[in-house]
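Peer 1: Structure provided below as structure tokens; questions to follow.
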Amino acid sequence: MTSPSTPAHLRPVDVVLLGAALLAWIISMGSPVFATGAYSPPLPGGGMLLLGLLFGWAANGWAVYANPFFLYAAWRLCMGKVPRKSIVLMLLFAATLPLLTGILDKKGGHGSHAVSWGWGAFMWLWSLVLLTAATAARRRIIGVRGALVLGLLIALSFVAALALHARQWRAAGHDDRALLLPHGMIYTTSDLCPVPLTWPVPSDAPGGEPLVLDIDARVLEPAGAGPALELPGGFTKAHAGGAAWIAYSDREDSLMIRQAAQPGTLLLEVKALGDGAVLRLLKGEPRRLLYEQRLASVDSGRGRPRSLCPLMARAPNYGLHFEYGGALLRAMGQGLPFAHDKPLARAEVVRQRCPIGSADIDGIARLRSLDGREVIAAGRMGGMSGFCSDSYVVLAGDLARSGDARLRPVVHVLDRKTLRPLARFDGQRSCPPAICAPGPEATLDGVRLEGDSAVIETSRGEYVATLRKRP
């Protein structure tokens with residue numbers, strides 16, 4: 001006699017449900033599962049499966065371990081048997097999906113959180129439901145009528161997902177669409193930004209001009225759990241003392257110069273507005289408005305702090321890149337790049353020592369004296385040796401240590417009158433034997449600037465650095 005739990009033959013409803021479950025699972029493996037609001041595209045289900053089986057436990061991604069039990073249960077059904085424990089374990093692991101924290105970062109910590117869910121997750125969940133229904137049908141718990149009801153529920157959920165996606169897509173701006181609703185995503189759990197980005201005309205001072213900051217402390221240091229504003233160019237509350245600043249930036253270094261403010265100097269106002277903020281750029285006497293941008297407070301998703309938008313990225317582990325920051329830099333002509341591709345107009349020997357000071361000025365971190373001016377030299381520039389000539393201020397450093405040929409010498413050349421960066425010279429990673437041979441560590445004695453090259457004079461020989469070309 002045949003056991004009721006293991007029928008002797010497969011009915012069409014059994015085959016249809018099993019086939020639909022396998023088809024939905026295969027589709028989910030090729031569809032994006034979730035997005036983190038970062039620049040990298042969402043991984044498809046197959047990639048998440050391989051990554052999750054190895055490291056899912058570290059990010060509370062226990063749901064991925066439902067897949068081996070899914071495949072085992074499907075194989076049992078194909079063999080004409082009825083899975084039991086594998087179905088239960090599959091459903092138990094799948095129920096842990098809300099615990100997922102996202103993708104691990106490069107250091108193995110809890111990295112980017114899932115803020116949007118895609119068709120891969122949708123089809124994967126339905127594949128589990130369909131396989132469970134196929135098991136129930138195999139045990140004669142449901143029949144054709146139950147399968148039809150299930151098919152209707154799938155169709156209704158598909159329509160609901162499309163409607164939810166359409167509603168959020170219409171409400172989202174360009175940046176939210178690109179980052180929170182990229183290709184393959186159905187919906188996002190993060191708030192959509194209610195404030196559009198105002199893109200300004202570029203500054204009429206392409207060479208940059210000093211900027212005075214008027215910053216509301218409630219914005220940069222909000223009470224409670226409210227979001228804090230981060231300004232572009234490295235500006236903070238410490239720079240809002242009434243002086244004017246001009247900033248230059250590079251991939252690895254930045255230079256900020258403080259000087260006395262003149263009447264009509266460019267002014268950036270940062271004021272609290274409800275739980276958001278408003279940015280205003282003003283110039284002249286009397287002040288005229290050049291640019292204004294409102295910022296709104298939004299919920300960035302479960303487990304993540306509230307943010308101010310419009311944003312370019314909401315994943316903190318990828319760095320906070322604010323779209324309004326790019327707009328501000330454009331409007332105020334700050335964040336100017338270093339000149340890398342133009343040979344120096346004058347060849348000079350630079351041996352007069354004018355080092356960067358060692359004491360912070362006015363309690364502002366890293367604000368030091370350089371050739372009688374006040375600067376913040378961030379990155380490697382802050383630890384370089386300083387030399388002056390009639391036309392230039394040279395910052396040089398990163399000499400290879402004795403027996404170590406991995407470091408590359410770098411030379412920054414600034415205009416002595418304005419401290420505007422003029423050029424950067426990079427040396428080769430290979431170290432001259434005379435300098436890297438065992439013995440006392442080489443010290444810098446000066447730099448000979450020769451248009452498109454810089455010869456670094458040391459106590460143990462010379463390095464040659466060449467003009468860095470703009471990529």
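Residue numbering restarts at 1 for every chain of the structure tokens, chains are lettered A, B, ... in their displayed order, and ligands are numbered from 1 as they appear.
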Taking the DSSP assignment computed from this structure's backbone, write out as a PyMOL selection string all residues of stretch 142-356 of chain A that belong to strand (DSSP E or B).
Peer 2: chain A and resi 185-188+211-215+244-249+253-259+266-273+276-283+288-298+307-309+336-337+348-350+352-353
Peer 1: Can you pull out the residues contacting A:His412? Cut-off 8 Å, using only C-alpha atoms, and skip same-chain residues under 6 positions away; I want them as a list of chain:residue names.
Peer 2: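 Using only C-alpha atoms, the neighbours found are A:Val394, A:Leu395, A:Ala396, A:Pro421, A:Leu422, A:Ala423, A:Arg424, A:Phe425.
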Peer 1: With N, CA, C and O atoms retained, write the just-selected residues as a PDB file, in the first residue's frame.
Peer 2:
ATOM      1  N   VAL A 394      58.439  75.569  -1.949  1.00  0.00           N
ATOM      2  CA  VAL A 394      58.490  74.159  -2.314  1.00  0.00           C
ATOM      3  C   VAL A 394      58.297  73.319  -1.064  1.00  0.00           C
ATOM      4  O   VAL A 394      58.958  73.561  -0.033  1.00  0.00           O
ATOM      5  N   LEU A 395      57.393  72.356  -1.152  1.00  0.00           N
ATOM      6  CA  LEU A 395      57.207  71.356  -0.100  1.00  0.00           C
ATOM      7  C   LEU A 395      57.636  70.017  -0.681  1.00  0.00           C
ATOM      8  O   LEU A 395      57.097  69.569  -1.692  1.00  0.00           O
ATOM      9  N   ALA A 396      58.605  69.393  -0.054  1.00  0.00           N
ATOM     10  CA  ALA A 396      59.155  68.142  -0.572  1.00  0.00           C
ATOM     11  C   ALA A 396      59.226  67.117   0.544  1.00  0.00           C
ATOM     12  O   ALA A 396      59.457  67.449   1.712  1.00  0.00           O
ATOM     13  N   PRO A 421      48.995  76.590  -5.599  1.00  0.00           N
ATOM     14  CA  PRO A 421      49.776  75.467  -6.135  1.00  0.00           C
ATOM     15  C   PRO A 421      50.002  75.620  -7.639  1.00  0.00           C
ATOM     16  O   PRO A 421      49.073  75.925  -8.391  1.00  0.00           O
ATOM     17  N   LEU A 422      51.239  75.406  -8.062  1.00  0.00           N
ATOM     18  CA  LEU A 422      51.601  75.538  -9.466  1.00  0.00           C
ATOM     19  C   LEU A 422      51.868  74.191 -10.129  1.00  0.00           C
ATOM     20  O   LEU A 422      51.538  74.006 -11.300  1.00  0.00           O
ATOM     21  N   ALA A 423      52.507  73.289  -9.409  1.00  0.00           N
ATOM     22  CA  ALA A 423      52.871  72.014 -10.040  1.00  0.00           C
ATOM     23  C   ALA A 423      53.176  70.992  -8.965  1.00  0.00           C
ATOM     24  O   ALA A 423      53.474  71.324  -7.807  1.00  0.00           O
ATOM     25  N   ARG A 424      53.109  69.730  -9.386  1.00  0.00           N
ATOM     26  CA  ARG A 424      53.534  68.625  -8.527  1.00  0.00           C
ATOM     27  C   ARG A 424      54.467  67.737  -9.332  1.00  0.00           C
ATOM     28  O   ARG A 424      54.193  67.409 -10.484  1.00  0.00           O
ATOM     29  N   PHE A 425      55.558  67.330  -8.685  1.00  0.00           N
ATOM     30  CA  PHE A 425      56.538  66.456  -9.324  1.00  0.00           C
ATOM     31  C   PHE A 425      56.600  65.150  -8.539  1.00  0.00           C
ATOM     32  O   PHE A 425      56.658  65.162  -7.305  1.00  0.00           O
TER      33      PHE A 425
END
Peer 1: Using only C-alpha atoms, which of A:Cys78, A:Ala465, A:Val64, A:Ala59 sits nearest A:Gly46?
Peer 2: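 So, comparing all the options, the nearest one is A:Val64.
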Peer 1: Env of stretch 271-275 of chain A: 8 Å cut, atoms = only C-alpha atoms, seq-sep filter 5 positions within chain, self excluded. Answer as a PyMOL selection string.
Peer 2: chain A and resi 215-216+218-219+226+296-297
Peer 1: Write out as a PyMOL selection string which residues come within 8 Å of stretch 266-268 of chain A when counting only C-alpha atoms, dropping same-chain ones fewer than 4 positions away.
Peer 2: chain A and resi 209-215+279-284+332
Peer 1: Taking 3 positions as the minimum chain separation for residues in the same chain, which residues sit within 12 Å of A:Leu77 when counting only C-alpha atoms? Answer as number ranges by chain.
Peer 2: A: 5-7, 9-10, 14-15, 17-19, 21-22, 70-74, 80-84, 86-87, 131-139
Peer 1: A:Gly383: which residues within 12 Å, counting only C-alpha atoms, same-chain residues fewer than 5 positions away excluded, as a PyMOL selection string?
Peer 2: chain A and resi 253+355-358+366+368+376-378+395-399+410
Peer 1: From a DSSP pass on the backbone, collect the residues of stretch 346-458 of chain A flagged as helix (DSSP H, G or I) and hand them back as an MDAnalysis selection string.
Peer 2: chainID A and resid 380:383 433:436
Peer 1: Take atom CA of A:Ala161 and atom CA of A:Ser190 and report the distance between them in Å, one decimal.
Peer 2: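 Atom-to-atom, atom CA of A:Ala161 and atom CA of A:Ser190 are spaced 16.4 Å apart.
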Peer 1: Identify which of the residues A:Glu374, A:Glu462, A:Asp204, A:Asp415 lies closest to A:Ala434, counting only C-alpha atoms when measuring atom-to-atom distances.
Peer 2: A:Glu462
Peer 1: Could you tell me which of A:Arg448, A:Arg416, A:Arg460, A:Arg145 comes closest to A:Ser391 if we count only C-alpha atoms?
Peer 2: A:Arg416
Peer 1: Between atom CA of A:Ala240 and atom CA of A:Pro310, what distance in Å does the model show, to one decimal?
Peer 2: 23.5 Å
Peer 1: What's around A:Met123 at 10 Å? Count only C-alpha atoms, leave out sequence neighbours fewer than 6 positions away in its own chain, and write the answer as a list in words.
Peer 2: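 The contact residues come out as Ala21, Leu23, Ala24, Trp25, Ile26, Ile27, Ser28, Met29, Ser31, Val33, Gly45, Val129, Ile154 and Phe158 of chain A.
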Peer 1: Smallest atom-to-atom distance to A:Pro42: which of A:Ala217, A:Ala171, A:Leu180, A:Val16, using only C-alpha atoms?
Peer 2: A:Leu180
Peer 1: So which one's closest to A:Val270, A:Arg468, A:Arg330, A:Arg294, A:Lys417? Using only C-alpha atoms, please.
Peer 2: A:Arg294
Peer 1: So which one's closest to A:Gly333, A:Pro232, A:Gly439, A:Ala94, A:Ala58? Using only C-alpha atoms, please.
Peer 2: A:Pro232
